[in-house]
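A.B. asks: I have a structure I would like to understand better, so I am pasting it below and will then ask my questions one at a time.
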Amino acid sequence: MSSKGKSGKTGLIFFPAFDWAISPTHPEREERLLYTRDQIFEEGLMDLPQIDEYKPRLAEMLDIARVHFCVPDVESQITEAHLIAAGSTLTLADALESGEIRNGFALVRPPGHHSMRVVHGNRGFCNINNMAILVEYMRSKYGHKRIAVIDTDVHHGDGTQEIFWHDPDVLCISFHQDGHTLYPGTGFVNEIGGPQALARTLNIPLPPGTTDEGIHYVLDRLILPVLEEFKPDLVLNSAGQDNHYTDPLANMRFSANGYARLNEKLAPDICVLEGGYAVETALPYVNTGIIQAMAGLDYSHLKEPDFVPGRFVQSEQMRREIEATVAQVQKLWDDRDELVKDALQGLGDFYRRKKRIFYDTDMINESQEETVRLCPKCSGYMTISSQAQRGYGILNSAFCVSIPRKACSSCREDAKEEYEEHIDDRRFGYVCMQDKDRDAFKFHNNMTHTQMSY
Amino acid sequence: MLVGIDVGGTTTDAVLVEGKGVVKTAYVPTDHDNLLKCLLGALDELVKGVDTRKIERVVLSTTLITNMIAEGKTDPVALVLIPGPGTNPRDYNLGEACILDGAIDYRGREIDRLKESQIKEAASKISAQGLVRVAVVGKFSQRNHAHEQKVGEIMRAALPGAKIELGHKVSGHLNFPRRAATTLLTVATKDKYKEFAQAVADALRQRKISAPVYILKADGGTLPLDSSVQMPVETIFSGPAASIMGVLALTPAGQTSVIVDIGGTTTDLALILSGKPLLSSKGAKVESLLTHVRAFAVKSVAIGGDSAVDVSGERMTVGPHRRGPAICMGGPCATPTDAMRVLGLTSVGDAGKAEKAMQEVANKLNCSPKEAAQKIVDAVVDKIVAEVGEMFRAWEQEPAYRIWEIMKKERLEAQNVVGVGGGAPPLVPLVASRLGASAIVPDFARVANAIGAAVARPTITLNLHIDTERGEYIVAEDGLTGKVGDRKMTPEQAEKLARKLLDERAARLGIGEYSGEAEVTYSEVFNMIRGWSTVGRLLDIRMEIPAGLLASWRGC
């Protein structure tokens, strides 16, 4: 359950990756957390008795393979910075589970929430999904069943959504600036998850210019009551900071105080930094606010230099728009069991969907066909055939098989058969199998005929 | 010849060093109420029959500031804070403070103005409280000290004769509450320290010792006595610093050693990693205050020769309390010293009494007195070994903010366990064998502290911050700012500037002859990108002479 009422310290990992950038002038560059460092160090936050600073560790290959099918392999999709950022969340997870801390904040880069299950390259500044890696680690190592991920970044958390699309035990809620007006162009109300997990994905698109008032309305009227009903073992916050009124890549009007208050109410067990690119005007203040709120410190003295209360007022029209969206999402949530029942009735033994994924950073186009067995005995195995193109040439292709936790014997057998069948299948460069039940990963290169496993 | 004097808890030790050799040692009991008398007593004892004209340098390590703070004998100070936005200053453990409006940001830009009337009001409140010492500390004052200066000026005018200390002069490091605490302690100890320094200088003059006099700092460095009056707090914890420098001087260069100082109630542990004494990662904790004072990482473990041994049921515990000396020394309860006496590890005290003490413990534990003694010694060694492991682990787990720092994954193991202090010799070989290291109890281990003081070189740290977009550089502690014309200043150019500024500072402090030993210990450069172009650079250079030994002792 979330940390409300628990005593103990707030664990903090600050890993600004001062020696890592996507490119020298990219928003995701060395300088991004520099002023945040100055602010939180000058505040002396790490010295306060409420806070304990931890050193990050490196995530292991299996931690990543538990979530992602990296093509051609994990090593070629990541750098050391990615392993440290992902590993930071795991260090905090262990500290949380051992009772050393009551909650934790991984103030790390690079971010992850645009990375999907199959990874051919970088999209939306992300290669691997730190949050999803944390979720799967918490489940496989500590046996947590129900986890809620609240994505408070201004961009739709499309990667996290895609990874848990079919999973009724992971509730993914994302509020963000409307996809009509911002990358990645998704996250509409009607995106609610796979047939077995309908309304366990909830999206709340918000109009550009949404203020503290609007976001707190969504939190108070929708997110907190939904969490109350879902009763997760853990609440995790994908804590992007680009809803801030000075962010150069988005158009919202959220304040540092608004962020602090959000984290106080949400009381997440672990926060993981995602985006946020107003490196001077927002990040030092927003990060300070989040740390204060998580540690139960007074954040009333925190404000941006140019902020005055009442600076941003929500228009009547915006209020109506947000209320209507919240009502729509609320109805989907209320009807969730009906929706699943209806959907499954209309489907056979398998559910299939095709999708196209664009990697904006690396200019890759991927096409996928995803198949999930709608198994009455377990959550069903999944296969994905994936082909990535860059320009006019094929970049890579892979056939991926995923065996779920508590898989029934027939799903396990069928999944293994699918994997075997695609070995040396010339349509695919690689065949991969993720076995979440046994926490193992197998990988076959069809060109070199070599196999490896984690 | 070099003179080193260390005022310790029980004795004040002095040594005379010539070249690489210890010529003479002397000691007198320490009288905590008259440190000057102890210093001079030990000195007089030491220089009896010595030609004082041949003394080239005198270094003192005193507990003056440590005691003054521990005994609450510091002067009262009014704390004035300019905290700006962020943490509620009441969340810092700084006691009562006047809070002023006004704010500077991380780049050194003014983001909120001072209110003159409010400052004057604060001054009259301070005056009404009868306070004559004021510490003025602003957040980010190390990036721009205009506010601190202005407040200082107004206070000075409103409080004639008051002693006013500004935070930026005390520390240029990030961490506002630590800067506030350090400034507070500086003002609170400065006057009394000044008196002491004056008395020392006078006494040496009377003895016709004209050699320069230095004081040992918590970071193992020496500083001329007259310069040290500006930064009295830096002299806290100079006792452990002296021991560590002594071990550095008495063990092979470049090795990794654990220093074990076993006393009656506590055991102090410190590390020398590949020849470099480990500094605590932030700054020293002085009583309840976290400061910016650079100090060696010393871990005090509540176990020692006089720790009380208790048995309840089948469980035996050693420490953490002391009820008095060992039974073999006429004390009230069984202790590790009694156990060591029975095992023949030490020859202090009465053997018969020790035997009786162990017999009593043995009866409760259902074993022989020798077995009981062995269990007690094992428990002490276990505890020390565990704490040493914990110290190495804590060092490995110190946060790092760059990939390369995390990837280098350095792991060090102790090569030596070095014993200093009275209780160490019998236990050091046992601890060493458990750690797979060599045991060293150096010659002169008893006066390692005084030797450390005698042969420690000066230390100095210069923090240079450059913001080329704002066209400025700043050295906070010197209250120094200057213009930078080149927006694309390189780290090499910045290091050159740092070298020049360090030479100037060293000359001002009277240690100019050592400035050639300074090295760049930290250098970072960030391009500032706005839009898609580079508008400037932020450079931070730290140049320092780290703790080390005099060239004459190193043999070069």
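Going through the structure tokens in order, the chains are called A, B, and so on, while each chain numbers its residues from 1 and the ligands are numbered from 1 in the order shown.
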Step one, run DSSP on the backbone; step two, keep only residues of segment 61-163 of chain A assigned to strand (DSSP E or B); then write them as number ranges by chain.
C.D. replies: A: 69-70, 101-108, 118-119, 123, 126, 147-151
A.B. asks: Any chance you can output those residues with C-alpha atoms as a compact mmCIF listing (two decimals), in the first residue's frame?
C.D. replies:
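Final output, saved to selection02.txt:
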```txt
# COMPACT_ATOMS: atom_id res chain seq x y z
CA PHE A 69 12.91 -7.27 -26.26
CA CYS A 70 15.97 -5.30 -27.32
CA ILE A 101 13.09 3.99 3.67
CA ARG A 102 9.41 4.78 3.53
CA ASN A 103 9.53 6.17 0.00
CA GLY A 104 12.09 7.07 -2.62
CA PHE A 105 12.87 9.39 -5.49
CA ALA A 106 15.13 8.38 -8.36
CA LEU A 107 16.20 11.80 -9.62
CA VAL A 108 18.01 10.31 -12.57
CA VAL A 118 10.30 -4.02 -28.24
CA VAL A 119 13.27 -1.68 -28.55
CA ARG A 123 12.24 7.28 -29.08
CA CYS A 126 14.20 7.09 -24.13
CA ILE A 147 0.92 -1.90 -8.93
CA ALA A 148 -0.30 1.54 -10.01
CA VAL A 149 1.84 3.72 -12.24
CA ILE A 150 0.81 7.36 -12.38
CA ASP A 151 2.50 9.21 -15.21
```
A.B. asks: Could you write out as a ChimeraX atom specification the residues of chain B within 6 Å of chain A, counting only C-alpha atoms?
C.D. replies: /B:85-86,88,111,174-176,397,399,401-402,532
A.B. asks: Could you give me, as a list in words, the residues within 9 Å of Arg200 of chain A, counting only C-alpha atoms and dropping anything in the same chain fewer than 5 positions from it?
C.D. replies: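 With the cut-off at 9 Å, the set is Phe164, Trp165, His166, Asp167, Pro168, Asp169, Val170, Leu171, Cys172, Ile173, Ile192, Gly193, Gly194, Trp333 and Arg336 of chain A.
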A.B. asks: Could you save those same residues with N, CA and C atoms as an mmCIF file, in the first residue's frame?
C.D. replies:
```cif
data_model
loop_
_atom_site.group_PDB
_atom_site.id
_atom_site.type_symbol
_atom_site.label_atom_id
_atom_site.label_comp_id
_atom_site.auth_asym_id
_atom_site.auth_seq_id
_atom_site.Cartn_x
_atom_site.Cartn_y
_atom_site.Cartn_z
ATOM 1 N N PHE A 164 2.296 -2.460 -20.422
ATOM 2 C CA PHE A 164 1.318 -3.064 -19.502
ATOM 3 C C PHE A 164 -0.098 -3.105 -20.081
ATOM 4 N N TRP A 165 -0.196 -2.935 -21.392
ATOM 5 C CA TRP A 165 -1.481 -2.838 -22.088
ATOM 6 C C TRP A 165 -2.423 -3.998 -21.770
ATOM 7 N N HIS A 166 -1.860 -5.202 -21.697
ATOM 8 C CA HIS A 166 -2.701 -6.395 -21.501
ATOM 9 C C HIS A 166 -2.729 -6.860 -20.055
ATOM 10 N N ASP A 167 -2.176 -6.048 -19.171
ATOM 11 C CA ASP A 167 -1.971 -6.529 -17.802
ATOM 12 C C ASP A 167 -2.961 -5.897 -16.824
ATOM 13 N N PRO A 168 -3.955 -6.665 -16.365
ATOM 14 C CA PRO A 168 -4.963 -6.066 -15.486
ATOM 15 C C PRO A 168 -4.429 -5.734 -14.096
ATOM 16 N N ASP A 169 -3.234 -6.224 -13.755
ATOM 17 C CA ASP A 169 -2.705 -5.972 -12.411
ATOM 18 C C ASP A 169 -1.842 -4.724 -12.320
ATOM 19 N N VAL A 170 -1.539 -4.139 -13.479
ATOM 20 C CA VAL A 170 -0.797 -2.881 -13.447
ATOM 21 C C VAL A 170 -1.706 -1.787 -13.985
ATOM 22 N N LEU A 171 -2.092 -0.914 -13.083
ATOM 23 C CA LEU A 171 -2.967 0.200 -13.467
ATOM 24 C C LEU A 171 -2.086 1.341 -13.959
ATOM 25 N N CYS A 172 -2.252 1.710 -15.235
ATOM 26 C CA CYS A 172 -1.457 2.812 -15.781
ATOM 27 C C CYS A 172 -2.353 4.028 -15.993
ATOM 28 N N ILE A 173 -2.081 5.085 -15.251
ATOM 29 C CA ILE A 173 -2.848 6.316 -15.432
ATOM 30 C C ILE A 173 -1.892 7.392 -15.910
ATOM 31 N N ILE A 192 -7.602 2.347 -23.655
ATOM 32 C CA ILE A 192 -7.876 1.858 -22.299
ATOM 33 C C ILE A 192 -7.354 0.455 -22.025
ATOM 34 N N GLY A 193 -6.500 -0.078 -22.917
ATOM 35 C CA GLY A 193 -5.886 -1.376 -22.612
ATOM 36 C C GLY A 193 -6.434 -2.511 -23.459
ATOM 37 N N GLY A 194 -5.787 -3.682 -23.341
ATOM 38 C CA GLY A 194 -6.183 -4.870 -24.080
ATOM 39 C C GLY A 194 -7.470 -5.450 -23.535
ATOM 40 N N TRP A 333 -13.803 3.637 -16.073
ATOM 41 C CA TRP A 333 -13.312 2.930 -14.880
ATOM 42 C C TRP A 333 -14.453 2.188 -14.182
ATOM 43 N N ARG A 336 -15.443 -1.036 -15.887
ATOM 44 C CA ARG A 336 -14.311 -1.856 -16.337
ATOM 45 C C ARG A 336 -14.622 -3.349 -16.442
#
```
A.B. asks: Going by DSSP on the backbone, which bits of segment 342-376 of chain A are alpha helix (DSSP H)? Write them as an NGL selection string, please.
C.D. replies: :A and (342-345)
A.B. asks: Applying 9 Å and only C-alpha atoms, which residues near Ile466 of chain B remain after dropping the ones on its own chain fewer than 4 positions away? List them as a PyMOL selection string.
C.D. replies: chain B and resi 470-475+484+494+537-541
A.B. asks: Output C-alpha atoms of each residue in that selection to a file, as a PDB file, in the first residue's frame.
C.D. replies:
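To be explicit, this is the file written out as again32.pdb:
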```
ATOM      1  CA  ARG B 470      27.567  36.445 -16.983  1.00  0.00           C
ATOM      2  CA  GLY B 471      31.217  37.240 -17.744  1.00  0.00           C
ATOM      3  CA  GLU B 472      32.316  36.692 -14.148  1.00  0.00           C
ATOM      4  CA  TYR B 473      34.495  34.599 -11.954  1.00  0.00           C
ATOM      5  CA  ILE B 474      34.242  34.332  -8.200  1.00  0.00           C
ATOM      6  CA  VAL B 475      36.365  32.963  -5.381  1.00  0.00           C
ATOM      7  CA  VAL B 484      35.885  36.960 -17.815  1.00  0.00           C
ATOM      8  CA  ALA B 494      40.383  28.261 -15.973  1.00  0.00           C
ATOM      9  CA  ARG B 537      30.108  28.005 -20.031  1.00  0.00           C
ATOM     10  CA  LEU B 538      30.034  27.225 -16.337  1.00  0.00           C
ATOM     11  CA  LEU B 539      33.358  26.096 -14.972  1.00  0.00           C
ATOM     12  CA  ASP B 540      34.180  24.968 -11.468  1.00  0.00           C
ATOM     13  CA  ILE B 541      37.779  24.366 -10.520  1.00  0.00           C
TER      14      ILE B 541
END
```
A.B. asks: What's around Asp242 of chain A at 7 Å? Count only C-alpha atoms, leave out sequence neighbours fewer than 2 positions away in its own chain, and write the answer as a list in words.
C.D. replies: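 So, after excluding close chain neighbours, the residues are Asp153, Val154, Gly240, His244, Asp247, Ala250, Gly275, Gly276 and Tyr277 of chain A.
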A.B. asks: So the first atom is atom CA of Gln451 of chain A and the second is atom CA of Ile364 of chain A; what is the distance between them in Å, to one decimal place?
C.D. replies: 26.0 Å
A.B. asks: Please list as a ChimeraX atom specification every residue within 12 Å of Ser124 of chain B, counting only C-alpha atoms and excluding residues in the same chain fewer than 6 positions away.
C.D. replies: /B:78,98,117-118,130-132,154-160
A.B. asks: Which residues are near segment 439-450 of chain B? Cut-off 8 Å, only C-alpha atoms, ignore same chain within fewer than 5 positions. Put them as a VMD selection string.
C.D. replies: chain B and resid 4 to 6 13 to 15 25 239 to 247 250 to 251 416 to 422 425 428 to 429 432 to 433
